[in-house]
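Novice: Handing over protein.pdb, PDB, C-alpha atoms.
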ATOM      1  CA  MET A 118      16.058  -7.197   8.346
ATOM      2  CA  ASP A 119      15.122  -9.433   5.404
ATOM      3  CA  ALA A 120      14.015  -7.836   2.145
ATOM      4  CA  LEU A 121      10.357  -8.750   2.441
ATOM      5  CA  THR A 122      10.138  -7.457   5.996
ATOM      6  CA  GLY A 123      11.680  -4.200   4.896
ATOM      7  CA  LEU A 124       9.146  -3.877   2.112
ATOM      8  CA  LEU A 125       6.048  -4.850   4.073
ATOM      9  CA  GLU A 126       6.697  -2.955   7.294
ATOM     10  CA  GLY A 127       5.040   0.120   5.793
ATOM     11  CA  PRO A 128       1.250  -0.472   6.131
ATOM     12  CA  ARG A 129      -0.069   1.612   9.059
ATOM     13  CA  ALA A 130      -3.785   2.231   8.606
ATOM     14  CA  ARG A 131      -5.249   5.122  10.593
ATOM     15  CA  GLY A 132      -9.006   5.317  10.524
ATOM     16  CA  ALA A 133      -9.157   3.284   7.325
ATOM     17  CA  PHE A 134     -12.389   3.231   5.356
ATOM     18  CA  MET A 135     -13.806  -0.254   5.997
ATOM     19  CA  ILE A 136     -17.114  -1.459   4.629
ATOM     20  CA  ARG A 137     -19.095  -4.563   3.734
ATOM     21  CA  ALA A 138     -20.693  -4.013   0.325
ATOM     22  CA  CYS A 139     -23.747  -6.121  -0.536
ATOM     23  CA  PHE A 140     -25.225  -6.219  -4.062
ATOM     24  CA  ASP A 141     -27.721  -8.054  -6.230
ATOM     25  CA  PRO A 142     -27.121  -8.146 -10.014
ATOM     26  CA  PRO A 143     -27.043  -6.012 -12.002
ATOM     27  CA  TRP A 144     -24.737  -3.730 -10.017
ATOM     28  CA  ALA A 145     -21.704  -1.547 -10.661
ATOM     29  CA  VAL A 146     -19.790   1.032  -8.641
ATOM     30  CA  ARG A 147     -17.361   3.526 -10.109
ATOM     31  CA  VAL A 148     -14.384   4.268  -7.795
ATOM     32  CA  GLU A 149     -12.652   7.634  -8.161
ATOM     33  CA  ASP A 150     -11.469   8.143  -4.586
ATOM     34  CA  ARG A 151      -7.757   8.458  -5.492
ATOM     35  CA  ALA A 152      -6.899   6.311  -2.462
ATOM     36  CA  PRO A 153      -3.320   4.979  -2.476
ATOM     37  CA  LEU A 154      -4.353   1.389  -1.745
ATOM     38  CA  THR A 155      -7.612  -0.544  -1.529
ATOM     39  CA  VAL A 156      -8.124  -4.205  -0.658
ATOM     40  CA  MET A 157     -11.216  -6.075  -1.833
ATOM     41  CA  LEU A 158     -12.091  -9.531  -0.534
ATOM     42  CA  LEU A 159     -14.989 -11.313  -2.218
ATOM     43  CA  VAL A 160     -16.907 -13.231   0.435
ATOM     44  CA  ARG A 161     -19.816 -14.359  -1.734
ATOM     45  CA  GLY A 162     -20.809 -14.245  -5.396
ATOM     46  CA  ASP A 163     -18.874 -13.026  -8.465
ATOM     47  CA  ALA A 164     -17.459  -9.639  -9.401
ATOM     48  CA  TRP A 165     -15.330  -7.885 -11.994
ATOM     49  CA  LEU A 166     -12.655  -5.228 -11.480
ATOM     50  CA  LEU A 167     -12.466  -3.062 -14.585
ATOM     51  CA  PRO A 168      -9.663  -0.482 -14.935
ATOM     52  CA  ASP A 169      -9.961   2.336 -17.454
ATOM     53  CA  ARG A 170      -6.891   0.934 -19.192
ATOM     54  CA  GLY A 171      -5.997  -2.729 -19.459
ATOM     55  CA  GLU A 172      -7.912  -5.955 -19.006
ATOM     56  CA  GLY A 173     -10.542  -6.571 -16.366
ATOM     57  CA  ILE A 174     -10.147  -9.100 -13.573
ATOM     58  CA  ARG A 175     -12.840 -11.570 -12.588
ATOM     59  CA  LEU A 176     -13.182 -12.400  -8.901
ATOM     60  CA  ARG A 177     -14.905 -15.395  -7.352
ATOM     61  CA  ALA A 178     -15.717 -16.182  -3.737
ATOM     62  CA  GLY A 179     -12.546 -16.260  -1.670
ATOM     63  CA  ASP A 180     -10.522 -14.201  -4.153
ATOM     64  CA  LEU A 181      -8.782 -11.003  -3.141
ATOM     65  CA  ALA A 182      -7.651  -8.003  -5.161
ATOM     66  CA  VAL A 183      -5.474  -5.021  -4.323
ATOM     67  CA  ALA A 184      -5.948  -1.757  -6.242
ATOM     68  CA  ARG A 185      -3.116   0.770  -6.180
ATOM     69  CA  GLY A 186      -4.293   4.337  -6.665
ATOM     70  CA  PRO A 187      -4.838   6.919  -7.804
ATOM     71  CA  ASP A 188      -6.221   5.590 -11.109
ATOM     72  CA  PRO A 189     -10.020   5.030 -11.178
ATOM     73  CA  TYR A 190     -11.716   1.700 -11.814
ATOM     74  CA  THR A 191     -15.157   0.103 -11.788
ATOM     75  CA  CYS A 192     -16.306  -2.841  -9.696
ATOM     76  CA  ALA A 193     -19.312  -4.640 -11.195
ATOM     77  CA  ASP A 194     -21.201  -7.891 -11.616
ATOM     78  CA  ALA A 195     -20.350  -7.901 -15.341
ATOM     79  CA  PRO A 196     -18.189  -5.786 -17.686
ATOM     80  CA  GLY A 197     -21.167  -4.164 -19.427
ATOM     81  CA  THR A 198     -23.121  -3.006 -16.378
ATOM     82  CA  ALA A 199     -23.467   0.770 -16.059
ATOM     83  CA  PRO A 200     -22.365   2.242 -12.701
ATOM     84  CA  GLN A 201     -25.144   3.063 -10.244
ATOM     85  CA  ALA A 202     -22.901   4.801  -7.707
ATOM     86  CA  LEU A 203     -19.722   6.875  -7.697
ATOM     87  CA  ILE A 204     -17.186   6.730  -4.837
ATOM     88  CA  LEU A 205     -15.221   9.955  -4.364
ATOM     89  CA  PRO A 206     -12.373  10.984  -2.008
ATOM     90  CA  GLY A 207     -13.226  10.822   1.676
ATOM     91  CA  GLY A 208     -15.715   7.980   1.170
ATOM     92  CA  ARG A 209     -18.354  10.294  -0.345
ATOM     93  CA  CYS A 210     -20.966   8.492  -2.449
ATOM     94  CA  HIS A 211     -22.872  10.054  -5.320
ATOM     95  CA  TYR A 212     -25.112   8.943  -8.139
ATOM     96  CA  PRO A 213     -23.337   9.006 -11.516
ATOM     97  CA  ASP A 214     -25.079  12.300 -12.334
ATOM     98  CA  GLY A 215     -23.493  13.949  -9.279
ATOM     99  CA  ARG A 216     -26.409  13.846  -6.843
ATOM    100  CA  PRO A 217     -25.397  12.660  -3.352
ATOM    101  CA  LEU A 218     -26.710   9.284  -2.270
ATOM    102  CA  ASN A 219     -27.481  10.714   1.186
ATOM    103  CA  GLY A 220     -27.293   7.382   2.972
ATOM    104  CA  SER A 221     -29.956   5.741   0.819
ATOM    105  CA  MET A 222     -27.845   2.559   0.539
ATOM    106  CA  ASP A 223     -26.779   2.329   4.195
ATOM    107  CA  LEU A 224     -27.646  -1.057   5.708
ATOM    108  CA  GLY A 225     -26.227  -0.751   9.209
ATOM    109  CA  VAL A 226     -22.786  -0.565  10.804
ATOM    110  CA  ARG A 227     -20.193  -0.418   7.994
ATOM    111  CA  THR A 228     -22.628  -2.164   5.662
ATOM    112  CA  TRP A 229     -23.761  -0.679   2.372
ATOM    113  CA  GLY A 230     -25.608  -1.738  -0.747
ATOM    114  CA  ASP A 231     -28.881  -3.421  -1.716
ATOM    115  CA  ARG A 232     -29.632  -5.737   1.239
ATOM    116  CA  PRO A 233     -27.472  -7.492   3.873
ATOM    117  CA  ASP A 234     -28.102 -10.984   2.454
ATOM    118  CA  SER A 235     -27.411 -10.028  -1.170
ATOM    119  CA  GLY A 236     -25.934 -12.533  -3.578
ATOM    120  CA  THR A 237     -22.612 -10.668  -3.745
ATOM    121  CA  VAL A 238     -20.731  -9.555  -0.636
ATOM    122  CA  LEU A 239     -17.413  -7.696  -0.714
ATOM    123  CA  LEU A 240     -15.232  -6.650   2.211
ATOM    124  CA  ILE A 241     -13.425  -3.442   1.252
ATOM    125  CA  GLY A 242     -10.621  -1.713   3.143
ATOM    126  CA  THR A 243      -9.120   1.553   1.922
ATOM    127  CA  TYR A 244      -6.038   3.423   3.069
ATOM    128  CA  ARG A 245      -7.044   7.063   2.768
ATOM    129  CA  MET A 246      -3.583   8.706   2.715
ATOM    130  CA  ARG A 247      -0.394   7.812   0.886
ATOM    131  CA  GLY A 248       1.572   8.302   4.101
ATOM    132  CA  GLU A 249      -0.115   5.195   5.545
ATOM    133  CA  ILE A 250       1.642   3.017   2.951
ATOM    134  CA  GLY A 251       5.382   3.005   2.346
ATOM    135  CA  GLY A 252       6.262   4.574  -0.985
ATOM    136  CA  ARG A 253       8.627   1.724  -1.804
ATOM    137  CA  LEU A 254       5.748  -0.715  -1.357
ATOM    138  CA  LEU A 255       3.397   1.246  -3.615
ATOM    139  CA  ASP A 256       6.080   1.499  -6.273
ATOM    140  CA  ALA A 257       6.465  -2.286  -6.193
ATOM    141  CA  LEU A 258       2.814  -3.028  -6.968
ATOM    142  CA  PRO A 259       0.892  -3.221 -10.238
ATOM    143  CA  PRO A 260      -2.278  -1.086 -10.569
ATOM    144  CA  LEU A 261      -4.465  -4.164  -9.952
ATOM    145  CA  LEU A 262      -3.195  -7.246  -8.172
ATOM    146  CA  PRO A 263      -5.466 -10.330  -8.026
ATOM    147  CA  LEU A 264      -4.974 -13.326  -5.744
ATOM    148  CA  GLY A 265      -7.228 -16.298  -6.376
ATOM    149  CA  ALA A 266      -8.504 -18.463  -3.544
ATOM    150  CA  ASP A 267      -6.586 -21.354  -5.103
ATOM    151  CA  VAL A 268      -3.198 -19.707  -4.459
ATOM    152  CA  TRP A 269      -3.705 -18.102  -1.090
ATOM    153  CA  GLU A 270      -5.579 -18.806   2.110
ATOM    154  CA  CYS A 271      -5.805 -16.322   4.959
ATOM    155  CA  PRO A 272      -7.167 -17.113   8.436
ATOM    156  CA  LEU A 273      -8.000 -13.405   8.849
ATOM    157  CA  THR A 274     -10.950 -13.607   6.447
ATOM    158  CA  PRO A 275     -13.591 -14.934   8.888
ATOM    159  CA  LEU A 276     -12.324 -12.635  11.652
ATOM    160  CA  LEU A 277     -12.523  -9.574   9.414
ATOM    161  CA  THR A 278     -15.980 -10.630   8.212
ATOM    162  CA  GLU A 279     -17.187 -10.739  11.805
ATOM    163  CA  GLU A 280     -15.446  -7.567  12.999
ATOM    164  CA  VAL A 281     -16.384  -5.220  10.152
ATOM    165  CA  GLY A 282     -20.032  -5.085  11.213
ATOM    166  CA  ARG A 283     -19.364  -4.805  14.939
ATOM    167  CA  ASP A 284     -19.861  -1.561  16.852
ATOM    168  CA  ALA A 285     -17.672  -1.725  19.959
ATOM    169  CA  PRO A 286     -15.149   0.483  21.793
ATOM    170  CA  GLY A 287     -11.823   0.582  19.983
ATOM    171  CA  GLN A 288     -13.317  -1.071  16.909
ATOM    172  CA  GLU A 289     -11.659   1.341  14.499
ATOM    173  CA  VAL A 290      -8.210   0.402  15.780
ATOM    174  CA  VAL A 291      -9.028  -3.320  15.579
ATOM    175  CA  LEU A 292     -10.105  -2.957  11.957
ATOM    176  CA  ASP A 293      -7.026  -0.875  11.097
ATOM    177  CA  ARG A 294      -4.712  -3.575  12.385
ATOM    178  CA  LEU A 295      -6.675  -6.365  10.693
ATOM    179  CA  LEU A 296      -6.427  -4.478   7.407
ATOM    180  CA  ASP A 297      -2.665  -4.101   7.840
ATOM    181  CA  LEU A 298      -2.322  -7.826   8.490
ATOM    182  CA  LEU A 299      -4.528  -8.687   5.531
ATOM    183  CA  VAL A 300      -2.409  -6.542   3.215
ATOM    184  CA  ILE A 301       0.825  -8.067   4.488
ATOM    185  CA  ALA A 302      -0.514 -11.619   4.108
ATOM    186  CA  ALA A 303      -1.756 -10.904   0.586
ATOM    187  CA  LEU A 304       1.432  -9.236  -0.602
ATOM    188  CA  ARG A 305       3.621 -11.913   0.916
ATOM    189  CA  ALA A 306       1.649 -14.479  -1.087
ATOM    190  CA  TRP A 307       1.900 -12.365  -4.233
ATOM    191  CA  PHE A 308       5.659 -11.824  -4.001
ATOM    192  CA  ALA A 309       6.073 -15.589  -3.837
ATOM    193  CA  ARG A 310       4.295 -15.983  -7.204
ATOM    194  CA  PRO A 311       6.428 -16.384 -10.348
ATOM    195  CA  GLU A 312       4.426 -13.713 -12.186
ATOM    196  CA  ALA A 313       5.152 -11.067  -9.553
ATOM    197  CA  GLU A 314       7.321  -8.174 -10.720
ATOM    198  CA  PRO A 315       9.162  -6.918  -7.641
ATOM    199  CA  PRO A 316      11.263  -3.751  -7.860
ATOM    200  CA  ALA A 317      14.812  -3.916  -9.187
ATOM    201  CA  TRP A 318      16.381  -3.496  -5.747
ATOM    202  CA  TYR A 319      14.375  -6.465  -4.458
ATOM    203  CA  GLU A 320      15.686  -8.760  -7.188
ATOM    204  CA  ALA A 321      19.201  -7.363  -6.758
ATOM    205  CA  LEU A 322      19.276  -8.722  -3.210
ATOM    206  CA  SER A 323      20.066 -12.152  -4.672
ATOM    207  CA  ASP A 324      23.226 -10.851  -6.352
ATOM    208  CA  PRO A 325      26.387 -11.976  -4.476
ATOM    209  CA  VAL A 326      27.940  -8.501  -4.655
ATOM    210  CA  VAL A 327      25.040  -6.034  -4.681
ATOM    211  CA  GLY A 328      22.840  -8.018  -2.278
ATOM    212  CA  PRO A 329      25.143  -7.681   0.749
ATOM    213  CA  VAL A 330      25.668  -3.987  -0.016
ATOM    214  CA  LEU A 331      21.927  -3.366  -0.103
ATOM    215  CA  ARG A 332      21.539  -5.088   3.250
ATOM    216  CA  LEU A 333      24.278  -2.923   4.749
ATOM    217  CA  LEU A 334      22.507   0.224   3.565
ATOM    218  CA  GLN A 335      19.070  -0.954   4.732
ATOM    219  CA  ASP A 336      20.230  -2.184   8.130
ATOM    220  CA  ASP A 337      22.465   0.774   9.033
ATOM    221  CA  PRO A 338      21.356   3.857   7.073
ATOM    222  CA  ALA A 339      22.773   6.267   9.678
ATOM    223  CA  ARG A 340      26.349   5.196   9.016
ATOM    224  CA  ALA A 341      28.517   7.551   6.947
ATOM    225  CA  TRP A 342      28.717   5.195   3.986
ATOM    226  CA  THR A 343      30.867   5.869   0.951
ATOM    227  CA  VAL A 344      31.101   3.933  -2.300
ATOM    228  CA  ALA A 345      34.709   3.122  -1.434
ATOM    229  CA  GLY A 346      33.728   1.768   1.980
ATOM    230  CA  LEU A 347      30.910  -0.311   0.509
ATOM    231  CA  ALA A 348      33.204  -1.655  -2.201
ATOM    232  CA  GLU A 349      35.704  -2.732   0.448
ATOM    233  CA  LYS A 350      32.948  -4.580   2.312
ATOM    234  CA  ALA A 351      31.889  -6.280  -0.938
ATOM    235  CA  GLY A 352      35.432  -7.193  -1.935
ATOM    236  CA  VAL A 353      35.342  -5.419  -5.300
ATOM    237  CA  SER A 354      36.678  -2.180  -6.720
ATOM    238  CA  ARG A 355      34.806   1.089  -6.295
ATOM    239  CA  ALA A 356      34.156   1.364 -10.029
ATOM    240  CA  ALA A 357      32.993  -2.253 -10.301
ATOM    241  CA  LEU A 358      30.516  -1.824  -7.464
ATOM    242  CA  ALA A 359      29.165   1.441  -8.869
ATOM    243  CA  ARG A 360      28.597  -0.134 -12.309
ATOM    244  CA  ARG A 361      27.057  -3.341 -10.997
ATOM    245  CA  PHE A 362      24.845  -1.630  -8.434
ATOM    246  CA  THR A 363      23.535   0.900 -10.961
ATOM    247  CA  ARG A 364      22.850  -1.802 -13.549
ATOM    248  CA  LEU A 365      20.896  -4.047 -11.151
ATOM    249  CA  VAL A 366      19.172  -1.496  -8.922
ATOM    250  CA  GLY A 367      18.655   1.261 -11.475
ATOM    251  CA  GLU A 368      20.476   4.010  -9.559
ATOM    252  CA  PRO A 369      23.908   4.518  -7.948
ATOM    253  CA  PRO A 370      24.547   3.366  -4.368
ATOM    254  CA  MET A 371      24.487   6.852  -2.845
ATOM    255  CA  SER A 372      21.247   7.765  -4.639
ATOM    256  CA  TYR A 373      19.634   4.604  -3.309
ATOM    257  CA  LEU A 374      20.880   5.406   0.199
ATOM    258  CA  THR A 375      19.430   8.914   0.026
ATOM    259  CA  GLY A 376      16.026   7.584  -1.017
ATOM    260  CA  TRP A 377      16.085   4.957   1.726
ATOM    261  CA  ARG A 378      17.039   7.494   4.396
ATOM    262  CA  LEU A 379      14.268   9.878   3.376
ATOM    263  CA  ALA A 380      11.689   7.082   3.205
ATOM    264  CA  LEU A 381      12.600   6.092   6.765
ATOM    265  CA  ALA A 382      12.364   9.714   7.855
ATOM    266  CA  ALA A 383       8.914  10.020   6.264
ATOM    267  CA  ASP A 384       7.679   6.942   8.119
ATOM    268  CA  ARG A 385       9.107   8.104  11.447
ATOM    269  CA  LEU A 386       7.664  11.581  11.051
ATOM    270  CA  ARG A 387       4.280   9.896  10.768
ATOM    271  CA  ASP A 388       4.718   7.281  13.484
ATOM    272  CA  THR A 389       6.771   9.043  16.199
ATOM    273  CA  ASP A 390       7.035  12.372  17.997
ATOM    274  CA  ASP A 391      10.842  12.462  17.690
ATOM    275  CA  THR A 392      12.350  15.854  16.982
ATOM    276  CA  LEU A 393      13.738  16.569  13.544
ATOM    277  CA  ALA A 394      17.255  16.655  15.003
ATOM    278  CA  ALA A 395      16.762  13.180  16.486
ATOM    279  CA  LEU A 396      15.357  11.869  13.217
ATOM    280  CA  ALA A 397      18.292  13.347  11.327
ATOM    281  CA  ARG A 398      20.719  11.377  13.514
ATOM    282  CA  GLN A 399      18.669   8.189  13.118
ATOM    283  CA  VAL A 400      18.703   8.251   9.320
ATOM    284  CA  GLY A 401      22.186   9.607   8.677
ATOM    285  CA  TYR A 402      21.933  13.392   8.333
ATOM    286  CA  GLY A 403      24.257  15.708  10.207
ATOM    287  CA  SER A 404      21.605  18.218  11.210
ATOM    288  CA  ALA A 405      17.900  18.941  11.179
ATOM    289  CA  PHE A 406      18.527  21.574   8.504
ATOM    290  CA  ALA A 407      20.265  19.078   6.204
ATOM    291  CA  LEU A 408      17.437  16.577   6.590
ATOM    292  CA  SER A 409      14.776  19.247   6.081
ATOM    293  CA  THR A 410      16.427  20.485   2.882
ATOM    294  CA  ALA A 411      16.768  16.996   1.402
ATOM    295  CA  PHE A 412      13.266  16.005   2.482
ATOM    296  CA  LYS A 413      11.610  19.020   0.883
ATOM    297  CA  ARG A 414      13.560  18.468  -2.326
ATOM    298  CA  ALA A 415      12.330  14.866  -2.528
ATOM    299  CA  TYR A 416       8.767  15.154  -1.163
ATOM    300  CA  GLY A 417       7.836  18.710  -2.068
ATOM    301  CA  VAL A 418       6.906  19.663   1.510
ATOM    302  CA  SER A 419       8.838  20.286   4.706
ATOM    303  CA  PRO A 420       9.095  17.534   7.321
ATOM    304  CA  GLN A 421       6.734  19.474   9.585
ATOM    305  CA  GLU A 422       4.139  19.802   6.818
ATOM    306  CA  TRP A 423       4.432  16.065   6.178
ATOM    307  CA  ARG A 424       3.896  15.322   9.870
ATOM    308  CA  ASN A 425       0.939  17.689  10.085
ATOM    309  CA  ARG A 426      -0.760  16.076   7.084
ATOM    310  CA  ALA A 427      -0.257  12.608   8.544
ATOM    311  CA  ALA A 428      -1.713  13.736  11.876
ATOM    312  CA  ALA A 429      -4.736  15.236  10.125
TER
END
Let me see the structure of the file written as structure tokens.
Specialist:
Amino acid sequence: MDALTGLLEGPRARGAFMIRACFDPPWAVRVEDRAPLTVMLLVRGDAWLLPDRGEGIRLRAGDLAVARGPDPYTCADAPGTAPQALILPGGRCHYPDGRPLNGSMDLGVRTWGDRPDSGTVLLIGTYRMRGEIGGRLLDALPPLLPLGADVWECPLTPLLTEEVGRDAPGQEVVLDRLLDLLVIAALRAWFARPEAEPPAWYEALSDPVVGPVLRLLQDDPARAWTVAGLAEKAGVSRAALARRFTRLVGEPPMSYLTGWRLALAADRLRDTDDTLAALARQVGYGSAFALSTAFKRAYGVSPQEWRNRAAA
């Protein structure tokens, strides 16, 4: 598994919130939904993304932006426009004073705003639960990630534009998969940019000593690895590997392996019906009890609670 594949294999939308937003200036929407990840594709017009902290980002037709939650932000035609709507968790929409919008801006199937042929049109896809996005991927992203039309081109754009307003059997699943593909295409383009700031472990993959060790851990997490065994594979001393790995990755080899094993377990709890004992064997724990103890220590809930939340 190459590093980018390992990072991007996480997106698994389930009933994602997908909408086509149509506005005429002046317009502004305040987003406080605490969603882990939202993708915004500007089909027509201009828009600004304005975080509470940091500089705003201007978007033009064809540009895409990814917002990593849970921090709030405002999407508007201009930085000074006051919000006319507030987006809350679960896709609930209110006026800024707290009154519910009660569908007053609904324009049809997954279409919302002023009028369908407004001057500004945004396609918005939101992952509702953190479990739908790999934690390692979220940790690798900045709060707001812009991709201009001049640096990326995605053939999914016209397909998503057509599908988002369609009402057909299985449409929710189609849109979920299109959103996953859109995210992967966007992040692959971003990681190729010189200004991208990938996580330390990602950059460490290019190191001639630490890189091969990371690949061993990622490709075979169930193996009973030791620092001594990894050092032998890398052709260096145990102490040298421990120092170099910690300096480049930011944590010792065994700590990294534990985090990787638990991240895999979290994904498989969400995506499979495998028993906890089977999952423990797959990710390198000797028993279901050992996995459950480590999982609860890291994630704050038991594996079964994690699975139940994902299913809900």
Novice: Find the residue from A:Gly197, A:Pro275, A:Gly328, A:Gly242 that sits nearest to Ala351 (chain A); use all atoms listed in the file when measuring.
Specialist: A:Gly328
Novice: Near Leu331 (chain A), within 12 Å and counting all atoms listed in the file, which residues show up once chain neighbours fewer than 6 positions away are dropped, as a PyMOL selection string?
Specialist: chain A and resi 118-120+123+317-325+337-338+342+344+347-348+350-351+358+362-363+365-366+369-371+373-374+377
Novice: Could you write out the selected residues, including C-alpha atoms, as a compact mmCIF listing (two decimals), keeping the file's coordinate frame?
Specialist:
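The result, written out as again_27.txt:
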# COMPACT_ATOMS: atom_id res chain seq x y z
CA MET A 118 16.06 -7.20 8.35
CA ASP A 119 15.12 -9.43 5.40
CA ALA A 120 14.02 -7.84 2.14
CA GLY A 123 11.68 -4.20 4.90
CA ALA A 317 14.81 -3.92 -9.19
CA TRP A 318 16.38 -3.50 -5.75
CA TYR A 319 14.38 -6.46 -4.46
CA GLU A 320 15.69 -8.76 -7.19
CA ALA A 321 19.20 -7.36 -6.76
CA LEU A 322 19.28 -8.72 -3.21
CA SER A 323 20.07 -12.15 -4.67
CA ASP A 324 23.23 -10.85 -6.35
CA PRO A 325 26.39 -11.98 -4.48
CA ASP A 337 22.46 0.77 9.03
CA PRO A 338 21.36 3.86 7.07
CA TRP A 342 28.72 5.20 3.99
CA VAL A 344 31.10 3.93 -2.30
CA LEU A 347 30.91 -0.31 0.51
CA ALA A 348 33.20 -1.66 -2.20
CA LYS A 350 32.95 -4.58 2.31
CA ALA A 351 31.89 -6.28 -0.94
CA LEU A 358 30.52 -1.82 -7.46
CA PHE A 362 24.84 -1.63 -8.43
CA THR A 363 23.54 0.90 -10.96
CA LEU A 365 20.90 -4.05 -11.15
CA VAL A 366 19.17 -1.50 -8.92
CA PRO A 369 23.91 4.52 -7.95
CA PRO A 370 24.55 3.37 -4.37
CA MET A 371 24.49 6.85 -2.84
CA TYR A 373 19.63 4.60 -3.31
CA LEU A 374 20.88 5.41 0.20
CA TRP A 377 16.08 4.96 1.73
Novice: Tell me which residues the PyMOL selection byres ((chain A and resi 210) around 12) grabs here, as a list in words.
Specialist: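 Applying the expression gives Val146, Arg147, Val148, Glu149, Asp150, Gln201, Ala202, Leu203, Ile204, Leu205, Pro206, Gly207, Gly208, Arg209, His211, Tyr212, Pro213, Asp214, Gly215, Arg216, Pro217, Leu218, Asn219, Gly220, Ser221, Met222, Asp223, Trp229 and Gly230 of chain A.
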Novice: Can you tell me how far CA of Leu154 (chain A) sits from CA of Gly186 (chain A), in Å to one decimal?
Specialist: 5.7 Å
Novice: Would you tabulate, counting all atoms listed in the file, all residues of region 329-353 of chain A that have an atom at most 7 Å from an atom of region 395-404 of chain A, showing the closest pair of atoms and their distance in Å to one decimal, sorted by chain then ascending number, as a Markdown table?
Specialist:
| residue | atom | partner | partner_atom | distance |
| --- | --- | --- | --- | --- |
| A:Pro338 | CA | A:Val400 | CA | 5.6 |
| A:Ala339 | CA | A:Gly401 | CA | 3.5 |
| A:Arg340 | CA | A:Gly401 | CA | 6.1 |
| A:Ala341 | CA | A:Gly401 | CA | 6.9 |
Novice: In terms of the shortest atom-to-atom distance over all atoms listed in the file, which of A:Gly352, A:Pro142, A:Pro263, A:Pro315 is closest to Leu158 (chain A)?
Specialist: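 Between A:Gly352, A:Pro142, A:Pro263, A:Pro315, the residue approaching Leu158 (chain A) most closely is A:Pro263.
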Novice: Return as JSON, numbers by chain the set of residues that the PyMOL selection byres ((chain A and resi 168) around 7) yields on the displayed structure.
Specialist: {"A": [166, 167, 169, 170, 171, 173, 189, 190, 191]}
Novice: List the residues matched by the PyMOL selection byres ((chain A and resi 244) around 6) in the displayed structure as number ranges by chain, ordered by chain and then by residue number.
Specialist: A: 133, 154, 243, 245-246
Novice: As an exercise, work out the distance from CA of Ser409 (chain A) to CA of Ala428 (chain A) in Å and give it to one decimal place.
Specialist: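 So the answer is 18.3 Å.
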Novice: Have a look at A:Trp144, A:Arg161, A:Ala178, A:Asp231 and name the one nearest to Pro200 (chain A); count all atoms listed in the file.
Specialist: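 The answer is A:Trp144, which sits nearest to Pro200 (chain A).
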Novice: If we draw a sphere of 10 Å around (-15.4, -18.1, -10.6), which residues have at least one atom in it when counting all atoms listed in the file? Please report them as a PyMOL selection string.
Specialist: chain A and resi 162-164+175-180+265-266
Novice: Report the distance between CA of Ser235 (chain A) and CA of Asp267 (chain A) in Å, rounded to one decimal place.
Specialist: 24.0 Å
Novice: Mind checking which residues fall within 12 Å of Phe308 (chain A), counting only C-alpha atoms, ignoring those fewer than 3 positions away in the same chain, and posting them as a list in words?
Specialist: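 Residues meeting the cut-off are Ala120, Leu121, Thr122, Leu124, Leu125, Leu254, Ala257, Leu258, Pro259, Leu262, Pro263, Leu264, Val268, Trp269, Ile301, Ala302, Ala303, Leu304, Arg305, Pro311, Glu312, Ala313, Glu314, Pro315, Pro316, Tyr319 and Glu320 of chain A.
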Novice: Taking all atoms listed in the file into account, which of A:Asp141, A:Thr389, A:Pro329, A:Glu279 comes nearest Gly236 (chain A)?
Specialist: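 Closest to Gly236 (chain A) of all the choices is A:Asp141.
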Novice: Closest to Glu270 (chain A) among A:Val291, A:Leu298, A:Ala382, A:Leu181, using only C-alpha atoms?
Specialist: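 Closest residue, counting only C-alpha atoms: A:Leu181.
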Novice: Using all atoms listed in the file, I'd like a table of the residues in region 255-350 of chain A that come within 9 Å of region 136-140 of chain A; for each, show the closest atom pair and its distance in Å rounded to one decimal, ordered by chain and ascending number, as a Markdown table.
Specialist:
| residue | atom | partner | partner_atom | distance |
| --- | --- | --- | --- | --- |
| A:Thr278 | CA | A:Arg137 | CA | 8.2 |
| A:Val281 | CA | A:Ile136 | CA | 6.7 |
| A:Gly282 | CA | A:Arg137 | CA | 7.6 |
Novice: Near Leu386 (chain A), within 10 Å and counting only C-alpha atoms, which residues show up once chain neighbours fewer than 6 positions away are dropped, as a list in words?
Specialist: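 Residues meeting the cut-off are Gly248, Ala380, Thr392, Leu393, Leu396, Pro420, Gln421, Glu422, Trp423, Arg424, Asn425, Ala427 and Ala428 of chain A.
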Novice: Of the residues A:Ala193, A:Leu273, A:Ala345, A:Leu296, which is the one nearest to Val238 (chain A), using all atoms listed in the file?
Specialist: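 When distances to Val238 (chain A) are compared using all atoms listed in the file, the smallest one comes from A:Ala193.
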